[in-house]
Each structure stands twice: as C-alpha cells, then as structure tokens.
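Structure data follow from structure23.tsv (TSV, C-alpha atoms):
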chain	number	residue	atom	x	y	z
A	29	MET	CA	-15.69	-12.30	4.79
A	30	ALA	CA	-17.74	-11.14	1.79
A	31	THR	CA	-21.51	-11.17	2.06
A	32	ARG	CA	-23.01	-13.81	-0.23
A	33	GLU	CA	-25.54	-12.28	-2.62
A	34	LYS	CA	-28.17	-14.09	-4.69
A	35	GLN	CA	-27.96	-11.48	-7.46
A	36	SER	CA	-24.74	-10.86	-9.34
A	37	ASP	CA	-25.72	-7.79	-11.33
A	38	TYR	CA	-23.69	-5.12	-9.55
A	39	GLN	CA	-20.14	-4.11	-8.88
A	40	ILE	CA	-18.55	-1.51	-6.61
A	41	THR	CA	-16.54	1.38	-8.02
A	42	ILE	CA	-16.10	5.04	-7.12
A	43	SER	CA	-16.10	7.78	-9.73
A	44	LYS	CA	-13.38	10.39	-10.03
A	45	ALA	CA	-15.86	13.09	-9.02
A	46	ASP	CA	-17.07	11.21	-5.94
A	47	LEU	CA	-13.48	10.51	-4.92
A	48	ALA	CA	-12.49	14.18	-5.22
A	49	ALA	CA	-15.46	15.25	-3.08
A	50	LEU	CA	-14.42	13.16	-0.06
A	51	PRO	CA	-12.57	14.68	2.92
A	52	ALA	CA	-8.84	14.01	3.04
A	53	ALA	CA	-7.57	11.25	5.29
A	54	GLU	CA	-4.85	12.06	7.82
A	55	TYR	CA	-2.01	9.99	9.21
A	56	HIS	CA	-1.77	9.90	13.02
A	57	GLY	CA	0.79	7.15	13.66
A	58	ARG	CA	4.48	7.39	14.42
A	59	ILE	CA	7.02	7.68	11.61
A	60	HIS	CA	10.65	6.55	11.74
A	61	VAL	CA	13.07	7.39	8.95
A	62	VAL	CA	15.71	4.68	8.58
A	63	ASP	CA	18.55	6.39	6.74
A	64	SER	CA	21.62	4.77	8.30
A	65	PRO	CA	22.66	1.15	8.97
A	66	GLU	CA	22.61	1.79	12.74
A	67	LYS	CA	18.82	2.25	12.68
A	68	VAL	CA	17.99	-0.93	10.79
A	69	GLN	CA	18.00	-3.68	13.41
A	70	GLU	CA	15.74	-1.92	15.91
A	71	ALA	CA	13.23	-1.28	13.15
A	72	VAL	CA	13.31	-4.88	11.94
A	73	ASP	CA	12.95	-6.20	15.49
A	74	ILE	CA	9.74	-4.19	16.01
A	75	LEU	CA	8.35	-5.12	12.61
A	76	SER	CA	9.14	-8.80	13.15
A	77	ALA	CA	7.12	-8.79	16.36
A	78	ALA	CA	4.01	-7.53	14.56
A	79	ASP	CA	1.32	-9.95	13.40
A	80	ILE	CA	0.71	-7.93	10.22
A	81	ILE	CA	2.81	-5.49	8.20
A	82	GLY	CA	1.76	-2.90	5.63
A	83	PHE	CA	4.03	-2.56	2.60
A	84	ASP	CA	4.68	0.02	-0.11
A	85	THR	CA	7.50	1.63	-2.08
A	86	GLU	CA	8.20	5.02	-3.63
A	87	THR	CA	10.31	5.93	-6.64
A	88	ARG	CA	11.47	9.31	-7.84
A	89	PRO	CA	9.27	10.29	-10.79
A	90	SER	CA	10.72	10.76	-14.24
A	91	PHE	CA	9.54	13.55	-16.49
A	92	LYS	CA	11.74	12.75	-19.50
A	93	LYS	CA	11.03	10.10	-22.10
A	94	GLY	CA	13.25	7.07	-21.68
A	95	GLN	CA	14.43	8.11	-18.20
A	96	SER	CA	13.72	6.00	-15.13
A	97	HIS	CA	14.82	5.87	-11.52
A	98	GLN	CA	15.32	3.10	-9.00
A	99	VAL	CA	13.18	2.46	-5.93
A	100	ALA	CA	14.20	5.04	-3.33
A	101	LEU	CA	11.95	4.25	-0.37
A	102	LEU	CA	10.53	1.13	1.24
A	103	GLN	CA	7.70	1.57	3.71
A	104	LEU	CA	6.93	-1.13	6.27
A	105	SER	CA	4.26	-0.40	8.85
A	106	THR	CA	2.73	-1.92	11.96
A	107	ARG	CA	-0.61	-0.60	13.21
A	108	GLU	CA	1.19	2.11	15.19
A	109	ASP	CA	4.60	2.72	13.60
A	110	CYS	CA	5.81	3.11	10.04
A	111	TYR	CA	9.45	2.68	9.11
A	112	LEU	CA	10.71	4.46	6.01
A	113	PHE	CA	13.81	2.68	4.72
A	114	ARG	CA	15.74	5.01	2.42
A	115	LEU	CA	17.03	2.44	-0.02
A	116	ASN	CA	18.85	5.07	-2.08
A	117	MET	CA	21.01	5.73	0.99
A	118	ILE	CA	21.40	2.36	2.71
A	119	GLY	CA	20.57	-0.18	0.02
A	120	LEU	CA	18.51	-3.20	1.06
A	121	PRO	CA	19.88	-4.35	4.44
A	122	GLU	CA	20.12	-8.10	4.93
A	123	ALA	CA	17.79	-7.99	7.94
A	124	VAL	CA	15.10	-6.28	5.85
A	125	LYS	CA	15.60	-8.76	3.02
A	126	VAL	CA	15.11	-11.64	5.46
A	127	LEU	CA	11.88	-10.04	6.71
A	128	LEU	CA	10.53	-9.58	3.18
A	129	GLU	CA	11.32	-13.22	2.36
A	130	ASP	CA	9.85	-14.63	5.59
A	131	GLU	CA	6.66	-16.46	4.63
A	132	ARG	CA	5.56	-16.52	8.29
A	133	ARG	CA	5.22	-12.72	8.40
A	134	VAL	CA	1.97	-11.53	6.82
A	135	LYS	CA	2.58	-8.49	4.64
A	136	ILE	CA	-0.13	-6.53	2.81
A	137	GLY	CA	0.35	-4.36	-0.26
A	138	VAL	CA	-1.25	-3.23	-3.53
A	139	SER	CA	-0.06	-3.95	-7.06
A	140	LEU	CA	2.76	-6.04	-5.68
A	141	HIS	CA	3.92	-7.26	-9.08
A	142	ASP	CA	5.11	-3.74	-9.94
A	143	ASP	CA	6.80	-3.22	-6.58
A	144	PHE	CA	8.59	-6.56	-6.73
A	145	HIS	CA	9.67	-5.99	-10.32
A	146	ASN	CA	11.19	-2.64	-9.47
A	147	LEU	CA	12.94	-3.97	-6.37
A	148	ARG	CA	14.37	-6.92	-8.28
A	149	ARG	CA	15.91	-4.56	-10.81
A	150	ILE	CA	18.45	-3.59	-8.16
A	151	PHE	CA	18.32	-6.28	-5.45
A	152	THR	CA	18.22	-10.06	-5.28
A	153	LEU	CA	14.90	-10.71	-3.57
A	154	GLU	CA	12.27	-13.49	-3.33
A	155	PRO	CA	9.32	-11.94	-1.45
A	156	ARG	CA	7.12	-14.33	0.54
A	157	GLY	CA	4.16	-14.00	2.88
A	158	PHE	CA	2.50	-11.23	0.85
A	159	ILE	CA	-1.18	-10.59	0.13
A	160	ASP	CA	-2.00	-8.30	-2.80
A	161	LEU	CA	-5.14	-6.24	-2.20
A	162	GLN	CA	-5.88	-5.83	-5.91
A	163	PRO	CA	-7.13	-9.40	-6.43
A	164	PHE	CA	-8.20	-9.75	-2.78
A	165	VAL	CA	-10.90	-7.03	-2.95
A	166	LYS	CA	-12.56	-8.62	-5.99
A	167	GLN	CA	-14.36	-11.13	-3.76
A	168	PHE	CA	-16.11	-8.13	-2.19
A	169	ARG	CA	-17.25	-6.92	-5.64
A	170	ILE	CA	-14.80	-4.00	-5.60
A	171	ILE	CA	-13.43	-3.62	-9.12
A	172	ASP	CA	-11.18	-0.58	-8.53
A	173	ASN	CA	-7.47	-1.38	-8.36
A	174	SER	CA	-5.83	1.69	-6.84
A	175	LEU	CA	-5.17	2.01	-3.13
A	176	SER	CA	-6.81	5.44	-2.98
A	177	ARG	CA	-10.06	4.25	-4.58
A	178	ILE	CA	-10.30	1.10	-2.48
A	179	TYR	CA	-9.68	3.12	0.69
A	180	ALA	CA	-12.30	5.69	-0.31
A	181	ILE	CA	-14.94	3.03	-0.98
A	182	LEU	CA	-14.43	1.45	2.43
A	183	PHE	CA	-13.77	4.45	4.67
A	184	GLY	CA	-15.23	7.50	2.94
A	185	HIS	CA	-11.98	9.46	2.97
A	186	ARG	CA	-9.59	10.43	0.21
A	187	ILE	CA	-5.87	9.66	0.34
A	188	SER	CA	-4.17	12.80	-0.92
A	189	LYS	CA	-1.79	12.03	-3.79
A	190	GLY	CA	-0.14	15.46	-3.78
A	191	GLN	CA	3.25	14.06	-2.73
A	192	ARG	CA	3.35	11.14	-5.16
A	193	LEU	CA	5.37	12.94	-7.81
A	194	THR	CA	7.89	14.54	-5.47
A	195	ASN	CA	11.60	13.74	-5.23
A	196	TRP	CA	11.96	10.61	-3.12
A	197	GLU	CA	15.74	10.80	-3.46
A	198	ALA	CA	15.95	14.20	-1.77
A	199	LYS	CA	18.56	14.61	0.95
A	200	ALA	CA	15.79	14.86	3.52
A	201	LEU	CA	12.13	13.88	3.17
A	202	THR	CA	9.65	16.58	4.09
A	203	PRO	CA	7.01	15.94	6.78
A	204	SER	CA	4.39	15.81	4.03
A	205	GLN	CA	6.35	13.19	2.11
A	206	GLN	CA	6.82	11.12	5.25
A	207	ALA	CA	3.12	11.25	6.14
A	208	TYR	CA	2.07	10.35	2.60
A	209	ALA	CA	4.45	7.40	2.42
A	210	ALA	CA	3.53	6.13	5.87
A	211	PHE	CA	-0.20	6.38	5.26
A	212	ASP	CA	0.00	4.32	2.09
A	213	ALA	CA	1.59	1.43	4.00
A	214	LEU	CA	-0.70	1.69	7.02
A	215	SER	CA	-3.84	1.91	4.89
A	216	CYS	CA	-3.08	-1.53	3.48
A	217	ILE	CA	-3.46	-2.95	6.97
A	218	HIS	CA	-6.70	-1.01	7.54
A	219	ILE	CA	-8.22	-2.26	4.29
A	220	TYR	CA	-7.30	-5.89	4.86
A	221	GLU	CA	-8.46	-6.00	8.47
A	222	TYR	CA	-11.72	-4.18	7.73
A	223	LEU	CA	-12.62	-6.60	4.97
A	224	THR	CA	-11.62	-9.75	6.84
A	225	SER	CA	-13.53	-8.61	9.94
A	226	GLY	CA	-16.83	-8.90	8.08
A	227	ALA	CA	-17.69	-5.25	8.70
A	228	PHE	CA	-18.08	-4.43	5.02
A	229	ASP	CA	-21.41	-5.24	3.38
A	230	PRO	CA	-21.07	-4.92	-0.40
A	231	ALA	CA	-24.84	-4.78	-0.84
A	232	ALA	CA	-25.02	-1.66	1.34
A	233	SER	CA	-22.22	0.25	-0.37
A	234	PRO	CA	-23.22	3.65	-1.81
A	235	TYR	CA	-20.85	2.95	-4.70
A	236	ARG	CA	-22.79	0.02	-6.13
A	237	GLN	CA	-23.07	0.21	-9.91
A	238	PRO	CA	-24.88	-2.05	-12.37
A	239	ILE	CA	-22.59	-4.34	-14.32
A	240	PRO	CA	-22.64	-3.09	-17.91
A	241	THR	CA	-24.56	-5.36	-20.24
A	242	PRO	CA	-22.48	-6.57	-23.18
A	243	GLU	CA	-23.64	-5.04	-26.42
A	244	ALA	CA	-25.34	-7.44	-28.76
Would you kindly transcribe this structure into structure tokens?
Amino acid sequence: MATREKQSDYQITISKADLAALPAAEYHGRIHVVDSPEKVQEAVDILSAADIIGFDTETRPSFKKGQSHQVALLQLSTREDCYLFRLNMIGLPEAVKVLLEDERRVKIGVSLHDDFHNLRRIFTLEPRGFIDLQPFVKQFRIIDNSLSRIYAILFGHRISKGQRLTNWEAKALTPSQQAYAAFDALSCIHIYEYLTSGAFDPAASPYRQPIPTPEA
C-alpha cells in the first residue's frame, strides 16, 4: 500500500504539457463486441470467473445545447479479455445486471457516480462490489481525478482520447473505438493492482509538486 511519509508537503499531479509529451499506450488484449442476446451468457460466464473486473461506459457526445444521449456502451474487462456490451442495441441483459449488482465480484472504475447516474436514467440498477479509483488514489498522494492522468503518473504512457467524442451509437464500432473503449476498462485493473502491490513509491514520483501554501 502507500508509502508512509514523515513530511506532508507534496502532492502528485501531472501537467497538461507533461501528459502530452508521453508516448501513447496501446491495447494488446482481446476484444469481444456483444451486440446480440446470444453473445451475452458466454461473456458473463467468463467475467464471473475473474477475480477482478475493469469497468467503464461510453455515451454518444452531444454538440447541441440541451441535447443529451443515453449510455450506449458498457465495457467489462478481465486481465485478458474485454467485452463491449452495446446497450443501445441489446439493453441491459439480466445476466449483466446480476453481475453488476454482485457484491462478491470486485469491479474497478473511475468517477463511478457519473456512470451509475447515467445508467440509472434508463435501467433499474443497484451496483455493488465497486471500487472508485478517484478517491482510492488519494492515499497515494495523487490528486488528479481523470483516468488518463492517473495512468500517466503510474506508467509513463498517455491514453489517447481521440475516440472519446466519436459516435458510440454507430451501426458498427471501428477498431479504434473498440481499442479505446477496451483500454479504458483494462487500465482500471492495471492501476488498482499496481497500487495495491506496493510497487508505487509516491516519494520517488517525478510528478511530485509542493502543496500550495494558502495565501495569508
């Protein structure tokens, strides 16, 4: 877990410039698009057998004031396989709902309040067994909240966000969309396991910054 420090005068954060200068991370796992009811049970069986699951969602962006869209994609990942559930096509299958509500299955995500709020707008759901990385990383002195910044601080690579504002309700997701969505879910597992392994030493981070002194 986090290294205990005698001094408490620093925090860890990465600047926009430092983030942009990092090499891009790449996804190398397997991706499975679940776009029909027939594909659901096999996916849930594999996910249920995993000891940890990465979680994320994607929603079609809105570029008009007052317009919003519903969650289109749910990503659930093991260490090797990511399943992309196309909610706009198949809804939220009961087997997936049961998995999301199973407190025995450890699931890792970021900014879960927003994801849960958006899912509950269209589905009846009581998520259990989740760990939100936003508050979790604070014990390691990391003050950044976004997945991309946390990942960069720990692993020295940048998660490309080029696909974030694409159409997640498209008839078919492009390979770039699939890789982007899958990596976001998998990276949650990588972050959690790296921090809980004790491998990260906050005092040695190149992104240490002094805590600003309150103005008198």
Please identify all polymer residues within 7 Å of stretch 100-106 of chain A, counting all atoms listed in the file, omitting same-chain residues fewer than 4 positions from it, and present them as a PDB file with C-alpha atoms, in the coordinates of the input.
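Output file out.pdb follows:
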ATOM      1  CA  LEU A  75       8.350  -5.120  12.610  1.00  0.00           C
ATOM      2  CA  ALA A  78       4.010  -7.530  14.560  1.00  0.00           C
ATOM      3  CA  ILE A  80       0.710  -7.930  10.220  1.00  0.00           C
ATOM      4  CA  ILE A  81       2.810  -5.490   8.200  1.00  0.00           C
ATOM      5  CA  GLY A  82       1.760  -2.900   5.630  1.00  0.00           C
ATOM      6  CA  PHE A  83       4.030  -2.560   2.600  1.00  0.00           C
ATOM      7  CA  ASP A  84       4.680   0.020  -0.110  1.00  0.00           C
ATOM      8  CA  THR A  85       7.500   1.630  -2.080  1.00  0.00           C
ATOM      9  CA  GLU A  86       8.200   5.020  -3.630  1.00  0.00           C
ATOM     10  CA  THR A  87      10.310   5.930  -6.640  1.00  0.00           C
ATOM     11  CA  ARG A  88      11.470   9.310  -7.840  1.00  0.00           C
ATOM     12  CA  CYS A 110       5.810   3.110  10.040  1.00  0.00           C
ATOM     13  CA  TYR A 111       9.450   2.680   9.110  1.00  0.00           C
ATOM     14  CA  LEU A 112      10.710   4.460   6.010  1.00  0.00           C
ATOM     15  CA  PHE A 113      13.810   2.680   4.720  1.00  0.00           C
ATOM     16  CA  ARG A 114      15.740   5.010   2.420  1.00  0.00           C
ATOM     17  CA  LEU A 115      17.030   2.440  -0.020  1.00  0.00           C
ATOM     18  CA  ASN A 116      18.850   5.070  -2.080  1.00  0.00           C
ATOM     19  CA  TRP A 196      11.960  10.610  -3.120  1.00  0.00           C
ATOM     20  CA  GLU A 197      15.740  10.800  -3.460  1.00  0.00           C
ATOM     21  CA  ALA A 209       4.450   7.400   2.420  1.00  0.00           C
ATOM     22  CA  ALA A 210       3.530   6.130   5.870  1.00  0.00           C
ATOM     23  CA  ALA A 213       1.590   1.430   4.000  1.00  0.00           C
ATOM     24  CA  LEU A 214      -0.700   1.690   7.020  1.00  0.00           C
TER      25      LEU A 214
END
Quiz prompt | Interatomic distance (Å, one decimal) between atom CA of A:Met117 and atom CA of A:Ser204 | solution = 19.7 Å
Quiz item: Can you tell me how far atom CA of A:Pro230 sits from atom CA of A:Phe168, in Å to one decimal?
Solution: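 These atoms are spaced 6.2 Å apart.
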Contact table stretch 77-135 of chain A vs stretch 154-157 of chain A, cut-off 8 Å, shortest pair per residue, all atoms listed in the file, as JSON lines:
{"residue": "A:Leu128", "atom": "CA", "partner": "A:Pro155", "partner_atom": "CA", "distance": 5.3}
{"residue": "A:Glu129", "atom": "CA", "partner": "A:Pro155", "partner_atom": "CA", "distance": 4.5}
{"residue": "A:Asp130", "atom": "CA", "partner": "A:Arg156", "partner_atom": "CA", "distance": 5.7}
{"residue": "A:Glu131", "atom": "CA", "partner": "A:Gly157", "partner_atom": "CA", "distance": 3.9}
{"residue": "A:Arg132", "atom": "CA", "partner": "A:Gly157", "partner_atom": "CA", "distance": 6.1}
{"residue": "A:Arg133", "atom": "CA", "partner": "A:Gly157", "partner_atom": "CA", "distance": 5.8}
{"residue": "A:Val134", "atom": "CA", "partner": "A:Gly157", "partner_atom": "CA", "distance": 5.1}
{"residue": "A:Lys135", "atom": "CA", "partner": "A:Gly157", "partner_atom": "CA", "distance": 6.0}
Quiz item: Of the candidates A:Asn146, A:Ile178, A:Gly190, A:Ala231, which shows the shortest atom-to-atom distance to A:His218, using all atoms listed in the file?
Solution: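 Selected residue with least distance to A:His218: A:Ile178.
Here the question is which of A:Pro121, A:Gly184, A:Pro89, A:Pro65 gets nearest to A:Leu47 using all atoms listed in the file, and that residue is A:Gly184.
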Self-check item: 8 Å contact set for A:Gly57, only C-alpha atoms, chain neighbours under 6 positions out, as number ranges by chain
Solution: A: 107-110
Quiz item: So which one's closest to A:Arg236, A:Arg149, A:His56, A:Arg169, A:Lys93? Using all atoms listed in the file, please.
Solution: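 Selected residue with least distance to A:Arg236: A:Arg169.
Distances from A:Leu120, A:Thr152, A:Val165, A:Ser96 to A:Ser64 were compared using only C-alpha atoms, and the smallest one belongs to A:Leu120.
Between atom CA of A:Gln162 and atom CA of A:Tyr38 there is a distance of 18.2 Å.
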Quiz item: Looking at A:Phe211, A:Tyr220, A:Tyr55, A:Phe228, which one is nearest to A:Ile159, with distances taken over only C-alpha atoms?
Solution: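 Going through A:Phe211, A:Tyr220, A:Tyr55, A:Phe228 one by one, the smallest distance to A:Ile159 is for A:Tyr220.
Of the residues listed (A:Glu54, A:Asp63, A:Asp73, A:Asp143), A:Asp143 shows the shortest atom-to-atom separation from A:Gln98; distances use only C-alpha atoms.
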Counting only C-alpha atoms, I want the residues whose atoms come within 9 Å of (21.1, -3.2, 6.1) in the file frame, returned as a PDB file with C-alpha atoms, in the frame of the given file.
ATOM      1  CA  SER A  64      21.620   4.770   8.300  1.00  0.00           C
ATOM      2  CA  PRO A  65      22.660   1.150   8.970  1.00  0.00           C
ATOM      3  CA  GLU A  66      22.610   1.790  12.740  1.00  0.00           C
ATOM      4  CA  LYS A  67      18.820   2.250  12.680  1.00  0.00           C
ATOM      5  CA  VAL A  68      17.990  -0.930  10.790  1.00  0.00           C
ATOM      6  CA  GLN A  69      18.000  -3.680  13.410  1.00  0.00           C
ATOM      7  CA  ILE A 118      21.400   2.360   2.710  1.00  0.00           C
ATOM      8  CA  GLY A 119      20.570  -0.180   0.020  1.00  0.00           C
ATOM      9  CA  LEU A 120      18.510  -3.200   1.060  1.00  0.00           C
ATOM     10  CA  PRO A 121      19.880  -4.350   4.440  1.00  0.00           C
ATOM     11  CA  GLU A 122      20.120  -8.100   4.930  1.00  0.00           C
ATOM     12  CA  ALA A 123      17.790  -7.990   7.940  1.00  0.00           C
ATOM     13  CA  VAL A 124      15.100  -6.280   5.850  1.00  0.00           C
ATOM     14  CA  LYS A 125      15.600  -8.760   3.020  1.00  0.00           C
TER      15      LYS A 125
END
Exercise. Write out as a list in words each polymer residue whose atoms come within 12 Å of A:Ala45, counting all atoms listed in the file; drop sequence neighbours fewer than 6 positions from it.
Key: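 Selected residues are Arg177, Ala180 and Arg186 of chain A.
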Residues from last step as file, C-alpha atoms, as an mmCIF file, in the coordinates of the input:
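This went into part.cif:
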data_model
loop_
_atom_site.group_PDB
_atom_site.id
_atom_site.type_symbol
_atom_site.label_atom_id
_atom_site.label_comp_id
_atom_site.auth_asym_id
_atom_site.auth_seq_id
_atom_site.Cartn_x
_atom_site.Cartn_y
_atom_site.Cartn_z
ATOM 1 C CA ARG A 177 -10.060 4.250 -4.580
ATOM 2 C CA ALA A 180 -12.300 5.690 -0.310
ATOM 3 C CA ARG A 186 -9.590 10.430 0.210
#
